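*Asks:* Input: one structure, supplied below.
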There are 2 protein chains.
Amino acid sequence: MSLRRYSRALCIESGEEMAEKFAIGIDLGGTNLKSGLVNSSGVVAHRHSMPIGDDKSSSRIIDLIIGEIDRLRKGAAGDAVAAGCGIPGIVDFERGFVESSPNLPKWHDVAARDLLSVATKLPIVVDNDANLHALGEQRFGAGRGHKNVILLTLGTGIGGGLILDDKIFRGDNGFAGEVGHLIVEAEGLPCACGGRGCWERYAASHAFQTYADKLPREERNQLCLSLKDDLNPESLARLAHAQNKTAIKLWKLFAGYLGVGIASLVNTLGVFTFVVGGGIVKAWDLFADEARSSALSHTYKAHADRLILKKAELGNDAGVIGASALAFDTVR
Amino acid sequence: MSLRRYSRALCIESGEEMAEKFAIGIDLGGTNLKSGLVNSSGVVAHRHSMPIGDDKSSSRIIDLIIGEIDRLRKGAAGDAVAAGCGIPGIVDFERGFVESSPNLPKWHDVAARDLLSVATKLPIVVDNDANLHALGEQRFGAGRGHKNVILLTLGTGIGGGLILDDKIFRGDNGFAGEVGHLIVEAEGLPCACGGRGCWERYAASHAFQTYADKLPREERNQLCLSLKDDLNPESLARLAHAQNKTAIKLWKLFAGYLGVGIASLVNTLGVFTFVVGGGIVKAWDLFADEARSSALSHTYKAHADRLILKKAELGNDAGVIGASALAFDTVR
């Protein structure tokens, strides 16, 4: 019997039920709302996911979140002490405001924390979703045991979250962690951010097309014939796994640049633990070793033994677990 | 009469002298040892600088520092409550050890904090010198009022210190702040660190030679004739101030790359306040505006109003003031 169960059994024996404490984690995405009831060890007791539908106005979404919080509280076998809520956008954590969100274009300066707190009568924290994913992985996932962890989410861009000295680092007004816009080529490819040479132009899904366009014509044509699908990380991973040399070459180019950005963060921040999530990690075997050696070729040799590059472990639960961890921190 | 003076006058009137509290700041360089007695408002009451001489062994330098601390304490008109000590090298802050130092090659795992603390019977903190310069500027210099400040020291390389959320950020084992090794060209010039494309190869003093070497031969020869001195930031600044077009062009190249690195830090960390020190800031008028516009062309347009690029204000006192600030923090 574990110590915890033993102490619980003792309490029951003595007629006193020791109620477990829970926090509610909410992870709002552009299309789905995930929620969960999570204990202080990061274990999800109940989880739920629902489409948010077409009406993405802040009033409606806030109502949906209130509904989820109430439902989860009723189902809890113990006390829900607080709730944390991840939002995909620029969040002013101190004020609890969502300033703006590319995925929720109608949201402007929404006082999300106070709206949720008044309605649920619970302590509420609101933060950027990527920050909470990072916190989840640092506390209970691939980054546990490390006080400094950088989460990289590889998809159409490179998202990120910085956990520095055991806390989310938000920078001035919540802008920290946009690691996809680290500049790896001073006069490189133009980026949607208005700058150029940003990391995510070279080490996220759209980069594969860029690399393919630079192939000699014959090789490119051959690649197009071999692909029975659009050119994307999935189709290229299938080809690379079938030993297609061109596909393997494109993955190497991707991995090389992934390593350059990681090295730049290592050199600047002195952080050595990187947790990598997002759709592209399904092809981990095609890029992880190469990314690591590229990173090491761009840093001090003394760093070689320190660099930790790991796949994210919490999957779809990361945001919910991170949100609940921040909620627990708030009431502690 | 200020509130402080008023309360002091009251104390004196009531027969009780309120002694002012001081901390001692030490800033050890490769050739000089600077020290000062500093009050909690960052005002240096006494300062001293001495050459450390040829014997740079840790035992001798530690003795020199002990001597300085004792001398300054005796001269204090109040209590010296603690001392802080900046060392040019890799410092394990938690353990108070100097792991290694390029400028003090005989130092290996020196228990500097405990050695100083036992000898002086004062609370001691030991940190990397650039971290303490940064803290000095953030608390009492060009960065005051900002919780997030990045110090850039432009010299033969780019040194740096990161103040994040009002505290020195040290990373894993004191490696943070080596911003000169931010990578701005993935496959760029080789760097002494073993990597390539590092920022300091493009925006520190040696970069001017690199840019000059790439000039058309005629223009380069003309520049050499115009320079009555070696090619370096000072001689190029003199020429640029005399409207020499080639010299102005080289400063623009330097400023352009300076801006790229700043943009990369803005994008990644969401920090908007940069304090720039080091010898090259004497030519501030030749690069600051251009660096700023280069930085803005590499970041989100929304950041334009937020970016603050300022000259360091504390000069040679920065390290001493920062060291004393950290010492005060420790006993608070």
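Just remember, in the structure tokens the first chain shown is A, the second B, etc., residues are 1-based per chain, and ligands are 1-based in the order shown.
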Could you give me, as a Markdown table, a per-residue list for chain B showing, wherever an atom lies at most 6 Å from an atom of chain A, the closest pair of atoms and their distance in Å to one decimal, using only C-alpha atoms and sorting by chain then residue number from low to high?
*Replies:*
```
| residue | atom | partner | partner_atom | distance |
| --- | --- | --- | --- | --- |
| B:Gly171 | CA | A:Gly270 | CA | 4.6 |
| B:Asp172 | CA | A:Val271 | CA | 5.5 |
| B:Phe175 | CA | A:Gly270 | CA | 4.5 |
| B:Ala176 | CA | A:Gly270 | CA | 4.0 |
| B:Gly177 | CA | A:Thr268 | CA | 5.3 |
| B:Glu178 | CA | A:Thr268 | CA | 5.0 |
| B:Val179 | CA | A:Thr268 | CA | 4.6 |
| B:His181 | CA | A:Asn267 | CA | 5.7 |
| B:Leu182 | CA | A:Ser264 | CA | 4.7 |
| B:Ile183 | CA | A:Ser264 | CA | 5.3 |
| B:Val184 | CA | A:Val184 | CA | 5.1 |
| B:Glu185 | CA | A:Glu185 | CA | 4.7 |
| B:Ala186 | CA | A:Val184 | CA | 5.6 |
| B:Cys193 | CA | A:Tyr300 | CA | 5.2 |
| B:Gly194 | CA | A:Tyr300 | CA | 5.8 |
| B:Gly195 | CA | A:His298 | CA | 3.8 |
| B:Ser264 | CA | A:Leu182 | CA | 4.7 |
| B:Asn267 | CA | A:His181 | CA | 5.7 |
| B:Thr268 | CA | A:Val179 | CA | 4.6 |
| B:Leu269 | CA | A:Ala176 | CA | 4.4 |
| B:Gly270 | CA | A:Ala176 | CA | 4.0 |
| B:Val271 | CA | A:Gly171 | CA | 5.4 |
| B:Ser297 | CA | A:Gly195 | CA | 5.7 |
| B:His298 | CA | A:Gly195 | CA | 3.8 |
| B:Thr299 | CA | A:Gly195 | CA | 5.3 |
| B:Tyr300 | CA | A:Cys193 | CA | 5.2 |
```
*Asks:* Those selected residues, please, written with N, CA and C atoms and delivered as a tab-separated table (two decimals), in the first residue's frame.
*Replies:*
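Dumped to out14.tsv:
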```
chain	number	residue	atom	x	y	z
B	171	GLY	N	20.55	30.68	-15.98
B	171	GLY	CA	20.45	29.45	-16.76
B	171	GLY	C	20.91	28.26	-15.96
B	172	ASP	N	21.22	27.18	-16.67
B	172	ASP	CA	21.73	25.97	-16.02
B	172	ASP	C	23.22	26.19	-15.77
B	175	PHE	N	25.54	29.55	-17.27
B	175	PHE	CA	25.93	29.78	-18.66
B	175	PHE	C	25.11	30.85	-19.38
B	176	ALA	N	24.08	31.37	-18.75
B	176	ALA	CA	23.19	32.30	-19.46
B	176	ALA	C	23.90	33.60	-19.79
B	177	GLY	N	23.40	34.28	-20.83
B	177	GLY	CA	23.85	35.62	-21.14
B	177	GLY	C	24.99	35.71	-22.14
B	178	GLU	N	25.41	34.58	-22.69
B	178	GLU	CA	26.47	34.62	-23.71
B	178	GLU	C	25.84	35.02	-25.05
B	179	VAL	N	25.22	36.21	-25.05
B	179	VAL	CA	24.44	36.61	-26.22
B	179	VAL	C	25.29	36.79	-27.48
B	181	HIS	N	26.94	34.73	-28.79
B	181	HIS	CA	26.90	33.48	-29.55
B	181	HIS	C	25.50	33.09	-30.00
B	182	LEU	N	24.62	34.06	-29.96
B	182	LEU	CA	23.37	33.97	-30.72
B	182	LEU	C	23.80	33.79	-32.17
B	183	ILE	N	23.11	32.90	-32.90
B	183	ILE	CA	23.53	32.62	-34.27
B	183	ILE	C	22.69	33.46	-35.24
B	184	VAL	N	23.35	34.31	-36.01
B	184	VAL	CA	22.62	35.18	-36.94
B	184	VAL	C	22.80	34.76	-38.40
B	185	GLU	N	23.74	33.86	-38.65
B	185	GLU	CA	23.92	33.30	-40.00
B	185	GLU	C	24.21	31.81	-39.82
B	186	ALA	N	23.23	30.97	-40.17
B	186	ALA	CA	23.34	29.54	-39.87
B	186	ALA	C	24.66	28.95	-40.35
B	193	CYS	N	34.20	30.04	-30.46
B	193	CYS	CA	33.47	29.13	-29.57
B	193	CYS	C	33.38	27.73	-30.16
B	194	GLY	N	33.76	27.58	-31.42
B	194	GLY	CA	33.63	26.29	-32.07
B	194	GLY	C	32.44	26.22	-33.00
B	195	GLY	N	31.52	27.18	-32.86
B	195	GLY	CA	30.36	27.23	-33.74
B	195	GLY	C	30.63	28.12	-34.94
B	264	SER	N	16.19	39.32	-32.70
B	264	SER	CA	16.07	37.91	-32.37
B	264	SER	C	15.76	37.75	-30.87
B	267	ASN	N	12.12	38.96	-30.22
B	267	ASN	CA	11.13	37.99	-30.67
B	267	ASN	C	11.04	36.78	-29.74
B	268	THR	N	12.20	36.34	-29.25
B	268	THR	CA	12.25	35.11	-28.48
B	268	THR	C	11.86	35.33	-27.03
B	269	LEU	N	12.40	36.39	-26.44
B	269	LEU	CA	12.21	36.62	-25.00
B	269	LEU	C	11.11	37.61	-24.69
B	270	GLY	N	10.64	38.35	-25.69
B	270	GLY	CA	9.65	39.37	-25.38
B	270	GLY	C	10.19	40.43	-24.43
B	271	VAL	N	11.48	40.68	-24.51
B	271	VAL	CA	12.10	41.74	-23.70
B	271	VAL	C	12.39	42.91	-24.63
B	297	SER	N	12.89	46.16	-38.42
B	297	SER	CA	12.55	45.50	-39.69
B	297	SER	C	12.56	43.98	-39.54
B	298	HIS	N	13.04	43.48	-38.41
B	298	HIS	CA	13.08	42.04	-38.18
B	298	HIS	C	12.13	41.58	-37.07
B	299	THR	N	11.21	42.44	-36.66
B	299	THR	CA	10.26	42.03	-35.61
B	299	THR	C	8.84	42.37	-36.06
B	300	TYR	N	7.87	41.91	-35.26
B	300	TYR	CA	6.48	42.29	-35.50
B	300	TYR	C	6.37	43.80	-35.49
```
*Asks:* Please provide as a count of residues only all residues within 8 Å of segment 122-132 of chain A, with the sequence filter that same-chain residues fewer than 5 positions apart are discarded (counting only C-alpha atoms).
*Replies:* 40
*Asks:* Segment 81-234 of chain A: which residues are strand (DSSP E) by DSSP, as a PyMOL selection string?
*Replies:* chain A and resi 81-87+90-92+97-100+124-128+149-154+158-164+167-168
*Asks:* Go ahead and write the selection's residues with C-alpha atoms as a PDB file, in the first residue's frame.
*Replies:*
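That gives us out_5.pdb:
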```
ATOM      1  CA  VAL A  81      -9.532  24.611  -5.351  1.00  0.00           C
ATOM      2  CA  ALA A  82      -8.867  26.724  -8.463  1.00  0.00           C
ATOM      3  CA  ALA A  83      -8.936  26.700 -12.246  1.00  0.00           C
ATOM      4  CA  GLY A  84      -6.358  27.594 -14.887  1.00  0.00           C
ATOM      5  CA  CYS A  85      -7.198  28.511 -18.442  1.00  0.00           C
ATOM      6  CA  GLY A  86      -4.931  28.495 -21.504  1.00  0.00           C
ATOM      7  CA  ILE A  87      -5.880  30.787 -24.384  1.00  0.00           C
ATOM      8  CA  ILE A  90      -1.480  37.423 -26.239  1.00  0.00           C
ATOM      9  CA  VAL A  91      -2.466  37.294 -22.576  1.00  0.00           C
ATOM     10  CA  ASP A  92      -1.672  39.909 -19.956  1.00  0.00           C
ATOM     11  CA  PHE A  97      -6.832  39.935 -19.853  1.00  0.00           C
ATOM     12  CA  VAL A  98      -6.720  38.330 -23.291  1.00  0.00           C
ATOM     13  CA  GLU A  99      -5.403  41.190 -25.417  1.00  0.00           C
ATOM     14  CA  SER A 100      -5.809  39.528 -28.814  1.00  0.00           C
ATOM     15  CA  ILE A 124      -8.786  31.647 -11.743  1.00  0.00           C
ATOM     16  CA  VAL A 125      -5.553  32.128 -13.695  1.00  0.00           C
ATOM     17  CA  VAL A 126      -5.431  32.828 -17.415  1.00  0.00           C
ATOM     18  CA  ASP A 127      -2.304  32.448 -19.513  1.00  0.00           C
ATOM     19  CA  ASN A 128      -1.108  31.836 -23.044  1.00  0.00           C
ATOM     20  CA  VAL A 149      12.939  23.931 -19.934  1.00  0.00           C
ATOM     21  CA  ILE A 150      12.187  25.233 -23.420  1.00  0.00           C
ATOM     22  CA  LEU A 151       9.176  23.699 -25.157  1.00  0.00           C
ATOM     23  CA  LEU A 152       9.258  23.714 -28.957  1.00  0.00           C
ATOM     24  CA  THR A 153       6.050  22.876 -30.813  1.00  0.00           C
ATOM     25  CA  LEU A 154       6.813  21.953 -34.405  1.00  0.00           C
ATOM     26  CA  ILE A 158       7.473  26.797 -34.248  1.00  0.00           C
ATOM     27  CA  GLY A 159       5.588  27.627 -31.096  1.00  0.00           C
ATOM     28  CA  GLY A 160       7.218  27.688 -27.745  1.00  0.00           C
ATOM     29  CA  GLY A 161       7.136  28.288 -24.067  1.00  0.00           C
ATOM     30  CA  LEU A 162       9.951  29.168 -21.691  1.00  0.00           C
ATOM     31  CA  ILE A 163      10.112  27.805 -18.171  1.00  0.00           C
ATOM     32  CA  LEU A 164      12.967  29.637 -16.484  1.00  0.00           C
ATOM     33  CA  LYS A 167       8.392  29.521 -13.574  1.00  0.00           C
ATOM     34  CA  ILE A 168       6.745  30.568 -16.813  1.00  0.00           C
TER      35      ILE A 168
END
```
*Asks:* Find the distance between atom CA of Leu309 of chain A and atom CA of Phe274 of chain A and write it in Å to one decimal.
*Replies:*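 Separation between atom CA of Leu309 of chain A and atom CA of Phe274 of chain A: 5.0 Å.
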*Asks:* Between atom CA of Gly53 of chain A and atom CA of Ala204 of chain A, measure the distance and give it in Å to one decimal.
*Replies:* 27.8 Å
*Asks:* I want to know what sits within 10 Å of Gly30 of chain A, based on only C-alpha atoms, with residues of the same chain fewer than 3 positions away left out; could you give that as a CSV table (one decimal) with C-alpha atoms, in the first residue's frame?
*Replies:*
```csv
chain,number,residue,atom,x,y,z
A,33,LEU,CA,-12.1,23.2,-25.8
A,51,PRO,CA,-15.8,21.5,-30.5
A,52,ILE,CA,-16.4,25.2,-29.8
A,53,GLY,CA,-18.4,25.7,-33.1
A,56,LYS,CA,-16.2,32.3,-31.3
A,87,ILE,CA,-5.9,30.8,-24.4
A,88,PRO,CA,-4.2,30.9,-27.8
A,101,SER,CA,-5.8,36.1,-30.5
A,102,PRO,CA,-5.1,35.2,-34.1
A,103,ASN,CA,-7.5,32.2,-33.7
A,104,LEU,CA,-10.2,34.1,-31.9
```
*Asks:* Between B:Leu250, B:Leu223, B:Val44, B:Ala291, which has the minimum distance to Asn316 of chain B (counting only C-alpha atoms)?
*Replies:*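 Smallest distance to Asn316 of chain B is found for B:Val44.
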*Asks:* If we count only C-alpha atoms and set the cut-off at 7 Å, which residues sit around segment 140-144 of chain B, ignoring sequence neighbours fewer than 2 positions away in its own chain? Please answer as JSON, numbers by chain.
*Replies:* {"B": [42, 136, 137, 138, 146, 149, 275, 310, 311, 312, 313, 314]}
*Asks:* Mind writing the picked residues with N, CA and C atoms as a short mmCIF file (atom, residue, chain, number, x, y, z; two decimals), in the first residue's frame?
*Replies:*
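Everything below was put into again.cif:
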```cif
data_model
loop_
_atom_site.label_atom_id
_atom_site.label_comp_id
_atom_site.auth_asym_id
_atom_site.auth_seq_id
_atom_site.Cartn_x
_atom_site.Cartn_y
_atom_site.Cartn_z
N GLY B 42 22.31 52.76 -4.42
CA GLY B 42 23.26 52.64 -5.52
C GLY B 42 24.26 53.78 -5.60
N GLY B 136 23.44 46.14 -12.09
CA GLY B 136 23.70 47.55 -11.76
C GLY B 136 22.92 48.48 -12.67
N GLU B 137 23.00 48.25 -13.98
CA GLU B 137 22.30 49.13 -14.92
C GLU B 137 20.77 49.00 -14.78
N GLN B 138 20.29 47.78 -14.46
CA GLN B 138 18.84 47.61 -14.33
C GLN B 138 18.32 48.28 -13.07
N HIS B 146 12.58 49.08 -15.35
CA HIS B 146 12.18 47.97 -16.24
C HIS B 146 12.53 46.64 -15.58
N VAL B 149 15.59 43.48 -18.58
CA VAL B 149 16.63 44.29 -19.24
C VAL B 149 17.72 43.36 -19.76
N VAL B 275 20.25 47.74 -22.88
CA VAL B 275 21.22 48.73 -22.44
C VAL B 275 22.56 48.33 -23.05
N LYS B 310 19.25 51.90 -25.17
CA LYS B 310 19.88 53.01 -24.44
C LYS B 310 21.35 52.74 -24.17
N LYS B 311 22.10 53.81 -24.10
CA LYS B 311 23.50 53.71 -23.70
C LYS B 311 23.57 53.39 -22.21
N ALA B 312 24.51 52.55 -21.81
CA ALA B 312 24.75 52.30 -20.39
C ALA B 312 25.11 53.61 -19.71
N GLU B 313 24.74 53.75 -18.45
CA GLU B 313 24.93 55.02 -17.75
C GLU B 313 25.96 54.97 -16.63
N LEU B 314 26.25 53.77 -16.13
CA LEU B 314 27.05 53.71 -14.90
C LEU B 314 28.56 53.61 -15.15
#
```
*Asks:* Expressed in Å to a single decimal, how great is the separation between atom CA of Lys228 of chain B and atom CA of Lys282 of chain B?
*Replies:* 19.3 Å
*Asks:* Can you list, as a ChimeraX atom specification, every protein, DNA or RNA residue that comes within 10 Å of Leu236 of chain A when you count only C-alpha atoms, leaving out same-chain residues fewer than 6 positions away?
*Replies:* /A:208,223,226-227,229-230,242,244,246-248,250-251,283
*Asks:* Would you list, as a ChimeraX atom specification, the residues of segment 68-283 of chain A that end up in helix (DSSP H, G or I) under DSSP run on this structure's backbone?
*Replies:* /A:68-75,112-120,129-140,172-174,179-181,199-201,207-213,217-226,233-241,245-269,279-283
*Asks:* I need the chosen residues saved as a tab-separated table (two decimals), in the first residue's frame, with C-alpha atoms.
*Replies:*
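Resulting contents of out_25.tsv:
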```
chain	number	residue	atom	x	y	z
A	68	GLU	CA	-17.18	23.05	-18.18
A	69	ILE	CA	-15.80	24.26	-14.86
A	70	ASP	CA	-19.17	23.76	-13.14
A	71	ARG	CA	-19.64	20.31	-14.63
A	72	LEU	CA	-16.16	19.13	-13.60
A	73	ARG	CA	-16.59	20.47	-10.06
A	74	LYS	CA	-19.78	18.53	-9.59
A	75	GLY	CA	-18.05	15.35	-10.71
A	112	ALA	CA	-11.27	36.60	-18.97
A	113	ARG	CA	-9.96	35.99	-15.45
A	114	ASP	CA	-12.45	38.22	-13.69
A	115	LEU	CA	-15.39	37.07	-15.82
A	116	LEU	CA	-14.62	33.43	-14.99
A	117	SER	CA	-13.85	34.11	-11.37
A	118	VAL	CA	-17.06	36.05	-10.68
A	119	ALA	CA	-19.19	33.37	-12.37
A	120	THR	CA	-17.54	30.33	-10.76
A	129	ASP	CA	-1.77	28.21	-24.07
A	130	ALA	CA	1.84	27.49	-25.14
A	131	ASN	CA	3.12	28.71	-21.78
A	132	LEU	CA	0.82	26.22	-20.05
A	133	HIS	CA	1.82	23.36	-22.36
A	134	ALA	CA	5.43	24.13	-21.42
A	135	LEU	CA	4.60	24.24	-17.71
A	136	GLY	CA	2.78	20.90	-17.96
A	137	GLU	CA	5.76	19.21	-19.61
A	138	GLN	CA	8.21	20.79	-17.14
A	139	ARG	CA	6.26	19.78	-14.05
A	140	PHE	CA	4.93	16.36	-15.02
A	172	ASP	CA	7.19	42.29	-21.19
A	173	ASN	CA	3.41	42.02	-21.62
A	174	GLY	CA	3.24	38.32	-22.44
A	179	VAL	CA	10.89	31.18	-30.53
A	180	GLY	CA	9.79	30.56	-34.12
A	181	HIS	CA	10.93	34.11	-34.81
A	199	TRP	CA	13.61	29.97	-37.63
A	200	GLU	CA	10.14	28.69	-38.46
A	201	ARG	CA	10.73	29.41	-42.17
A	207	ALA	CA	10.10	24.57	-44.89
A	208	PHE	CA	9.96	21.24	-46.71
A	209	GLN	CA	8.40	22.89	-49.75
A	210	THR	CA	11.14	25.55	-49.65
A	211	TYR	CA	13.83	22.88	-49.62
A	212	ALA	CA	12.11	20.91	-52.40
A	213	ASP	CA	11.91	24.02	-54.59
A	217	ARG	CA	14.80	19.99	-61.47
A	218	GLU	CA	15.27	16.30	-62.21
A	219	GLU	CA	15.47	15.35	-58.55
A	220	ARG	CA	12.44	17.48	-57.73
A	221	ASN	CA	10.38	15.90	-60.50
A	222	GLN	CA	11.40	12.45	-59.32
A	223	LEU	CA	10.35	13.35	-55.77
A	224	CYS	CA	6.94	14.59	-56.98
A	225	LEU	CA	6.40	11.29	-58.82
A	226	SER	CA	7.33	9.27	-55.74
A	233	PRO	CA	6.00	16.19	-43.35
A	234	GLU	CA	3.79	13.06	-43.28
A	235	SER	CA	4.25	12.13	-46.94
A	236	LEU	CA	7.97	12.90	-46.77
A	237	ALA	CA	8.31	10.79	-43.63
A	238	ARG	CA	6.70	7.83	-45.41
A	239	LEU	CA	9.13	8.21	-48.31
A	240	ALA	CA	12.13	8.66	-46.02
A	241	HIS	CA	11.17	5.53	-44.10
A	245	LYS	CA	17.25	9.53	-50.71
A	246	THR	CA	15.73	12.87	-51.60
A	247	ALA	CA	13.20	12.68	-48.78
A	248	ILE	CA	16.00	11.77	-46.36
A	249	LYS	CA	17.97	14.78	-47.62
A	250	LEU	CA	15.04	17.15	-46.96
A	251	TRP	CA	14.68	15.82	-43.41
A	252	LYS	CA	18.41	16.44	-42.89
A	253	LEU	CA	18.07	20.03	-44.03
A	254	PHE	CA	15.14	20.49	-41.66
A	255	ALA	CA	17.05	18.87	-38.79
A	256	GLY	CA	20.14	20.98	-39.47
A	257	TYR	CA	18.20	24.20	-39.06
A	258	LEU	CA	16.29	22.86	-36.08
A	259	GLY	CA	19.68	22.34	-34.43
A	260	VAL	CA	20.89	25.85	-35.30
A	261	GLY	CA	17.98	27.46	-33.46
A	262	ILE	CA	18.40	25.15	-30.48
A	263	ALA	CA	22.11	26.05	-30.35
A	264	SER	CA	21.26	29.74	-30.44
A	265	LEU	CA	18.94	29.30	-27.44
A	266	VAL	CA	21.54	27.19	-25.59
A	267	ASN	CA	24.24	29.80	-26.16
A	268	THR	CA	22.07	32.76	-25.19
A	269	LEU	CA	20.01	31.41	-22.31
A	279	GLY	CA	2.70	16.96	-35.22
A	280	ILE	CA	6.20	16.67	-36.70
A	281	VAL	CA	7.56	14.68	-33.72
A	282	LYS	CA	5.87	11.61	-35.18
A	283	ALA	CA	8.95	11.55	-37.44
```
